[in-house]
Amino acid sequence: MIKTKSKYLLRKRLEVLKFSKILVAANGFTTNTLKSVSNKFNLDTNETEILFPEGNNDLIKFALEQLNVDLENACKKIDLIRLPVHKRIRKILLLKLSMMHKDKSFYKKIFLNLLIPKRNILMPIQLYKSIDQIWFMAGDTSTDFNFYTKRLILGGIYTRVVLFFFNNDDQSELEKILDTNLRRVSKIPKLKSKINILKDSFPKILKFVKNFS
């Protein structure tokens, strides 16, 4: 009974997410996003509010969590273990961007929404979840200091590549940027270099937001 109910709730949340992608891609997030989605696509407004009690925050978290679930399922279908670690990460990252490409405008709106000061507490949480998942799927088993420094490195690379992805359609240039940065993963540089990778990404975020506004 509980399992059946859980499947029903997931199906209904996925239905709301499907329609939200269409509306948010066109209009962005508003204070009444879920209500607008319900009205436009003839959904039960009360049920939608129950499914996403925290409104946009719940919708964003669910969208990103579902993307991670889809990525994990997709990665199970490919042979990663035979590749060097940095090439596993490359394949996983490109697969994730490929999955995001279909709803690129929607995910871009999510990224911009996460940059709003009152909501940006979600940004490091969601970023960490994405990075941690990629390292896990790449077969990382470290438990020492490297556990944190590996995620620090990939956090900077991931941010840089995603920013380029949202602002450009040049796949070859994106892969070039990714390959250049992933060489650092293969070598696991000194801590100073690791910190600089992430630190270098913040001016790019600010420039991105400025260009978009």
# chains A, B, ... in the order shown; residues from 1 in each chain; ligands from 1

$ residues_around --residues "Leu51 in chain A" --least-positions-apart "5" --cutoff "8 Å" --atoms "only C-alpha atoms" --output "short mmCIF file (atom, residue, chain, number, x, y, z; two decimals) with C-alpha atoms, in the first residue's frame"
data_model
loop_
_atom_site.label_atom_id
_atom_site.label_comp_id
_atom_site.auth_asym_id
_atom_site.auth_seq_id
_atom_site.Cartn_x
_atom_site.Cartn_y
_atom_site.Cartn_z
CA LEU A 9 3.09 10.59 -5.67
CA LYS A 12 2.09 13.06 -10.05
CA ARG A 13 5.25 15.03 -9.21
#

$ residues_around --residues "range 16-27 of chain A" --least-positions-apart "4" --cutoff "12 Å" --atoms "only C-alpha atoms" --output "ChimeraX atom specification"
/A:9-12,31-45,47-52,55-56,58-67,100,102-113

$ write_last_selection --atoms "C-alpha atoms" --output "short mmCIF file (atom, residue, chain, number, x, y, z; two decimals), in the first residue's frame"
data_model
loop_
_atom_site.label_atom_id
_atom_site.label_comp_id
_atom_site.auth_asym_id
_atom_site.auth_seq_id
_atom_site.Cartn_x
_atom_site.Cartn_y
_atom_site.Cartn_z
CA LEU A 9 3.09 10.59 -5.67
CA LEU A 10 6.19 10.24 -7.83
CA ARG A 11 4.07 9.95 -10.97
CA LYS A 12 2.09 13.06 -10.05
CA THR A 31 5.88 33.66 -6.98
CA ASN A 32 2.93 31.73 -8.44
CA THR A 33 4.73 29.32 -10.75
CA LEU A 34 2.97 26.17 -9.55
CA LYS A 35 -0.44 27.85 -9.55
CA SER A 36 0.17 29.05 -13.10
CA VAL A 37 1.20 25.55 -14.15
CA SER A 38 -1.93 24.07 -12.55
CA ASN A 39 -4.22 26.57 -14.24
CA LYS A 40 -2.61 26.29 -17.67
CA PHE A 41 -2.52 22.50 -17.77
CA ASN A 42 -5.75 21.78 -15.85
CA LEU A 43 -4.08 20.29 -12.78
CA ASP A 44 -5.59 20.23 -9.28
CA THR A 45 -4.12 23.32 -7.58
CA GLU A 47 -2.87 18.64 -5.04
CA THR A 48 0.03 20.54 -6.62
CA GLU A 49 0.53 22.53 -3.41
CA ILE A 50 0.56 19.29 -1.40
CA LEU A 51 3.10 17.74 -3.77
CA PHE A 52 5.37 20.80 -3.54
CA GLY A 55 6.70 25.97 -3.87
CA ASN A 56 9.58 26.82 -6.20
CA ASP A 58 10.62 22.07 -3.76
CA LEU A 59 10.13 22.10 -7.52
CA ILE A 60 13.77 23.02 -8.13
CA LYS A 61 15.07 20.40 -5.70
CA PHE A 62 12.87 17.72 -7.25
CA ALA A 63 13.90 18.68 -10.80
CA LEU A 64 17.61 18.45 -9.94
CA GLU A 65 17.19 15.26 -7.92
CA GLN A 66 15.29 13.66 -10.80
CA LEU A 67 18.01 14.72 -13.21
CA MET A 100 19.94 18.87 -19.84
CA LYS A 102 16.53 19.03 -24.19
CA ASP A 103 15.28 21.41 -21.48
CA LYS A 104 18.21 23.82 -21.55
CA SER A 105 16.11 26.97 -21.00
CA PHE A 106 14.41 25.38 -17.99
CA TYR A 107 17.67 24.42 -16.30
CA LYS A 108 19.15 27.82 -17.09
CA LYS A 109 16.21 29.43 -15.29
CA ILE A 110 16.85 27.13 -12.32
CA PHE A 111 20.49 28.17 -12.22
CA LEU A 112 19.57 31.86 -12.26
CA ASN A 113 16.96 31.30 -9.58
#

$ residues_around --residues "Ile92 in chain A" --least-positions-apart "3" --cutoff "9 Å" --atoms "only C-alpha atoms" --output "NGL selection string"
:A and (71 or 75 or 80 or 87-89 or 95-97 or 134 or 137-138)

$ write_last_selection --atoms "C-alpha atoms" --output "PDB file, in the first residue's frame"
ATOM      1  CA  LEU A  71      21.843  10.310 -14.946  1.00  0.00           C
ATOM      2  CA  CYS A  75      25.348   5.536 -16.467  1.00  0.00           C
ATOM      3  CA  LEU A  80      32.794   3.178 -17.291  1.00  0.00           C
ATOM      4  CA  LYS A  87      37.691   9.991 -18.711  1.00  0.00           C
ATOM      5  CA  ARG A  88      34.877   8.472 -16.653  1.00  0.00           C
ATOM      6  CA  ILE A  89      34.106  11.935 -15.285  1.00  0.00           C
ATOM      7  CA  LEU A  95      26.027  12.730 -20.623  1.00  0.00           C
ATOM      8  CA  LYS A  96      24.477  15.002 -18.005  1.00  0.00           C
ATOM      9  CA  LEU A  97      24.788  18.064 -20.251  1.00  0.00           C
ATOM     10  CA  ILE A 134      29.631  12.197 -10.293  1.00  0.00           C
ATOM     11  CA  MET A 137      29.603   7.008 -10.283  1.00  0.00           C
ATOM     12  CA  ALA A 138      33.206   7.440 -11.395  1.00  0.00           C
TER      13      ALA A 138
END

$ closest_residue --among "A:Leu83, A:Val69, A:Ile78, A:Ile131" --to "Lys150 in chain A" --atoms "only C-alpha atoms"
A:Ile131

$ select_by_dssp --residues "range 42-148 of chain A" --states "helix (DSSP H, G or I)" --output "tab-separated table (two decimals) with N, CA and C atoms, in the first residue's frame"
chain	number	residue	atom	x	y	z
A	45	THR	N	-4.99	22.37	-8.28
A	45	THR	CA	-4.12	23.32	-7.58
A	45	THR	C	-3.81	22.86	-6.16
A	46	ASN	N	-4.80	22.35	-5.46
A	46	ASN	CA	-4.58	21.89	-4.08
A	46	ASN	C	-3.62	20.71	-4.04
A	47	GLU	N	-3.76	19.80	-4.99
A	47	GLU	CA	-2.87	18.64	-5.04
A	47	GLU	C	-1.44	19.07	-5.36
A	48	THR	N	-1.30	20.04	-6.27
A	48	THR	CA	0.03	20.54	-6.62
A	48	THR	C	0.71	21.16	-5.41
A	49	GLU	N	-0.04	21.90	-4.61
A	49	GLU	CA	0.53	22.53	-3.41
A	49	GLU	C	0.95	21.48	-2.39
A	50	ILE	N	0.20	20.38	-2.32
A	50	ILE	CA	0.56	19.29	-1.40
A	50	ILE	C	1.83	18.58	-1.89
A	51	LEU	N	1.93	18.42	-3.19
A	51	LEU	CA	3.10	17.74	-3.77
A	51	LEU	C	4.37	18.56	-3.61
A	56	ASN	N	8.47	26.87	-5.25
A	56	ASN	CA	9.58	26.82	-6.20
A	56	ASN	C	10.78	26.04	-5.68
A	57	ASN	N	11.08	26.21	-4.40
A	57	ASN	CA	12.24	25.50	-3.83
A	57	ASN	C	12.08	23.99	-3.95
A	58	ASP	N	10.88	23.51	-3.65
A	58	ASP	CA	10.62	22.07	-3.76
A	58	ASP	C	10.67	21.60	-5.21
A	59	LEU	N	10.13	22.43	-6.09
A	59	LEU	CA	10.13	22.10	-7.52
A	59	LEU	C	11.55	22.02	-8.05
A	60	ILE	N	12.37	23.00	-7.69
A	60	ILE	CA	13.77	23.02	-8.13
A	60	ILE	C	14.54	21.82	-7.59
A	61	LYS	N	14.37	21.54	-6.30
A	61	LYS	CA	15.07	20.40	-5.70
A	61	LYS	C	14.65	19.08	-6.36
A	62	PHE	N	13.36	18.95	-6.62
A	62	PHE	CA	12.87	17.72	-7.25
A	62	PHE	C	13.40	17.59	-8.67
A	63	ALA	N	13.42	18.71	-9.41
A	63	ALA	CA	13.90	18.68	-10.80
A	63	ALA	C	15.37	18.25	-10.85
A	64	LEU	N	16.19	18.78	-9.95
A	64	LEU	CA	17.61	18.45	-9.94
A	64	LEU	C	17.85	17.03	-9.42
A	65	GLU	N	17.06	16.62	-8.44
A	65	GLU	CA	17.19	15.26	-7.92
A	65	GLU	C	16.79	14.24	-8.99
A	66	GLN	N	15.73	14.56	-9.74
A	66	GLN	CA	15.29	13.66	-10.80
A	66	GLN	C	16.31	13.59	-11.92
A	67	LEU	N	16.95	14.71	-12.21
A	67	LEU	CA	18.01	14.72	-13.21
A	67	LEU	C	19.15	13.80	-12.77
A	68	ASN	N	19.49	13.85	-11.50
A	68	ASN	CA	20.54	12.99	-10.97
A	68	ASN	C	20.15	11.52	-11.03
A	69	VAL	N	18.87	11.23	-10.76
A	69	VAL	CA	18.37	9.85	-10.83
A	69	VAL	C	18.46	9.34	-12.27
A	70	ASP	N	18.03	10.18	-13.21
A	70	ASP	CA	18.09	9.80	-14.63
A	70	ASP	C	19.53	9.59	-15.09
A	71	LEU	N	20.43	10.44	-14.59
A	71	LEU	CA	21.84	10.31	-14.95
A	71	LEU	C	22.41	9.00	-14.42
A	72	GLU	N	22.09	8.67	-13.19
A	72	GLU	CA	22.59	7.43	-12.59
A	72	GLU	C	22.08	6.22	-13.37
A	73	ASN	N	20.81	6.24	-13.74
A	73	ASN	CA	20.24	5.13	-14.51
A	73	ASN	C	20.90	5.00	-15.88
A	74	ALA	N	21.19	6.16	-16.50
A	74	ALA	CA	21.84	6.15	-17.81
A	74	ALA	C	23.26	5.62	-17.72
A	75	CYS	N	23.95	5.96	-16.64
A	75	CYS	CA	25.35	5.54	-16.47
A	75	CYS	C	25.46	4.04	-16.22
A	85	VAL	N	39.98	7.42	-14.58
A	85	VAL	CA	39.00	8.17	-13.80
A	85	VAL	C	38.59	9.47	-14.47
A	86	HIS	N	39.56	10.25	-14.99
A	86	HIS	CA	39.19	11.55	-15.57
A	86	HIS	C	38.33	11.38	-16.83
A	87	LYS	N	38.52	10.24	-17.53
A	87	LYS	CA	37.69	9.99	-18.71
A	87	LYS	C	36.30	9.51	-18.31
A	88	ARG	N	36.20	8.84	-17.17
A	88	ARG	CA	34.88	8.47	-16.65
A	88	ARG	C	34.09	9.75	-16.33
A	89	ILE	N	34.76	10.68	-15.66
A	89	ILE	CA	34.11	11.93	-15.29
A	89	ILE	C	33.70	12.71	-16.53
A	90	ARG	N	34.57	12.71	-17.53
A	90	ARG	CA	34.26	13.39	-18.79
A	90	ARG	C	32.98	12.83	-19.41
A	91	LYS	N	32.90	11.50	-19.44
A	91	LYS	CA	31.74	10.84	-20.05
A	91	LYS	C	30.46	11.14	-19.27
A	92	ILE	N	30.56	11.11	-17.95
A	92	ILE	CA	29.40	11.37	-17.09
A	92	ILE	C	28.93	12.82	-17.25
A	93	LEU	N	29.89	13.75	-17.24
A	93	LEU	CA	29.54	15.17	-17.38
A	93	LEU	C	28.88	15.46	-18.72
A	94	LEU	N	29.45	14.93	-19.78
A	94	LEU	CA	28.88	15.16	-21.11
A	94	LEU	C	27.51	14.51	-21.25
A	95	LEU	N	27.33	13.39	-20.60
A	95	LEU	CA	26.03	12.73	-20.62
A	95	LEU	C	25.00	13.59	-19.89
A	96	LYS	N	25.39	14.15	-18.77
A	96	LYS	CA	24.48	15.00	-18.00
A	96	LYS	C	24.10	16.25	-18.80
A	97	LEU	N	25.07	16.88	-19.44
A	97	LEU	CA	24.79	18.06	-20.25
A	97	LEU	C	23.89	17.72	-21.43
A	98	SER	N	24.10	16.52	-21.99
A	98	SER	CA	23.26	16.07	-23.09
A	98	SER	C	21.81	15.91	-22.64
A	99	MET	N	21.63	15.40	-21.42
A	99	MET	CA	20.29	15.23	-20.86
A	99	MET	C	19.64	16.57	-20.56
A	100	MET	N	20.45	17.54	-20.15
A	100	MET	CA	19.94	18.87	-19.84
A	100	MET	C	19.61	19.67	-21.10
A	101	HIS	N	20.24	19.30	-22.20
A	101	HIS	CA	20.10	20.09	-23.43
A	101	HIS	C	18.66	20.15	-23.93
A	104	LYS	N	17.13	22.90	-21.90
A	104	LYS	CA	18.21	23.82	-21.55
A	104	LYS	C	17.70	25.12	-20.93
A	105	SER	N	16.66	25.71	-21.52
A	105	SER	CA	16.11	26.97	-21.00
A	105	SER	C	15.58	26.80	-19.59
A	106	PHE	N	14.95	25.66	-19.33
A	106	PHE	CA	14.41	25.38	-17.99
A	106	PHE	C	15.52	25.32	-16.96
A	107	TYR	N	16.59	24.56	-17.26
A	107	TYR	CA	17.67	24.42	-16.30
A	107	TYR	C	18.46	25.73	-16.14
A	108	LYS	N	18.50	26.51	-17.19
A	108	LYS	CA	19.15	27.82	-17.09
A	108	LYS	C	18.38	28.72	-16.13
A	109	LYS	N	17.05	28.65	-16.20
A	109	LYS	CA	16.21	29.43	-15.29
A	109	LYS	C	16.41	28.97	-13.84
A	110	ILE	N	16.57	27.67	-13.66
A	110	ILE	CA	16.85	27.13	-12.32
A	110	ILE	C	18.15	27.70	-11.79
A	111	PHE	N	19.18	27.68	-12.63
A	111	PHE	CA	20.49	28.17	-12.22
A	111	PHE	C	20.41	29.64	-11.80
A	112	LEU	N	19.72	30.44	-12.58
A	112	LEU	CA	19.57	31.86	-12.26
A	112	LEU	C	18.78	32.05	-10.97
A	113	ASN	N	17.76	31.21	-10.79
A	113	ASN	CA	16.96	31.30	-9.58
A	113	ASN	C	17.79	30.99	-8.34
A	114	LEU	N	18.70	30.03	-8.47
A	114	LEU	CA	19.55	29.66	-7.34
A	114	LEU	C	20.53	30.76	-6.97
A	122	LEU	N	20.55	27.13	-1.43
A	122	LEU	CA	20.35	25.88	-2.17
A	122	LEU	C	21.49	25.59	-3.13
A	123	MET	N	22.16	26.66	-3.58
A	123	MET	CA	23.20	26.51	-4.60
A	123	MET	C	24.32	25.57	-4.16
A	124	PRO	N	25.00	25.84	-3.02
A	124	PRO	CA	26.09	24.92	-2.63
A	124	PRO	C	25.60	23.52	-2.31
A	125	ILE	N	24.36	23.41	-1.79
A	125	ILE	CA	23.82	22.09	-1.47
A	125	ILE	C	23.61	21.27	-2.73
A	126	GLN	N	22.97	21.87	-3.74
A	126	GLN	CA	22.70	21.16	-4.98
A	126	GLN	C	23.99	20.90	-5.77
A	127	LEU	N	24.91	21.86	-5.71
A	127	LEU	CA	26.20	21.68	-6.39
A	127	LEU	C	26.95	20.50	-5.78
A	128	TYR	N	26.97	20.45	-4.45
A	128	TYR	CA	27.68	19.36	-3.78
A	128	TYR	C	27.06	18.00	-4.14
A	129	LYS	N	25.73	17.94	-4.15
A	129	LYS	CA	25.05	16.68	-4.47
A	129	LYS	C	25.43	16.21	-5.88
A	130	SER	N	25.48	17.15	-6.82
A	130	SER	CA	25.83	16.80	-8.20
A	130	SER	C	27.27	16.30	-8.29
A	131	ILE	N	28.17	17.02	-7.63
A	131	ILE	CA	29.60	16.66	-7.67
A	131	ILE	C	29.85	15.33	-6.98
A	132	ASP	N	29.23	15.16	-5.83
A	132	ASP	CA	29.41	13.92	-5.07
A	132	ASP	C	28.90	12.73	-5.87
A	133	GLN	N	27.78	12.91	-6.56
A	133	GLN	CA	27.22	11.83	-7.37
A	133	GLN	C	28.16	11.45	-8.52
A	134	ILE	N	28.73	12.46	-9.16
A	134	ILE	CA	29.63	12.20	-10.29
A	134	ILE	C	30.86	11.42	-9.83
A	135	TRP	N	31.44	11.84	-8.70
A	135	TRP	CA	32.61	11.12	-8.19
A	135	TRP	C	32.22	9.69	-7.81
A	136	PHE	N	31.05	9.53	-7.20
A	136	PHE	CA	30.59	8.19	-6.79
A	136	PHE	C	30.44	7.28	-8.01
A	137	MET	N	29.81	7.81	-9.07
A	137	MET	CA	29.60	7.01	-10.28
A	137	MET	C	30.92	6.75	-11.01
A	145	PHE	N	41.58	13.02	3.14
A	145	PHE	CA	41.53	14.42	2.72
A	145	PHE	C	41.20	14.56	1.24
A	146	ASN	N	41.61	13.58	0.44
A	146	ASN	CA	41.35	13.61	-1.01
A	146	ASN	C	39.85	13.63	-1.33
A	147	PHE	N	39.04	13.06	-0.43
A	147	PHE	CA	37.59	13.05	-0.64
A	147	PHE	C	37.08	14.47	-0.84
A	148	TYR	N	37.57	15.39	-0.01
A	148	TYR	CA	37.11	16.78	-0.09
A	148	TYR	C	37.79	17.56	-1.21

$ atom_distance --atom1 "CA of Leu115 in chain A" --atom2 "CA of Thr159 in chain A"
12.6 Å
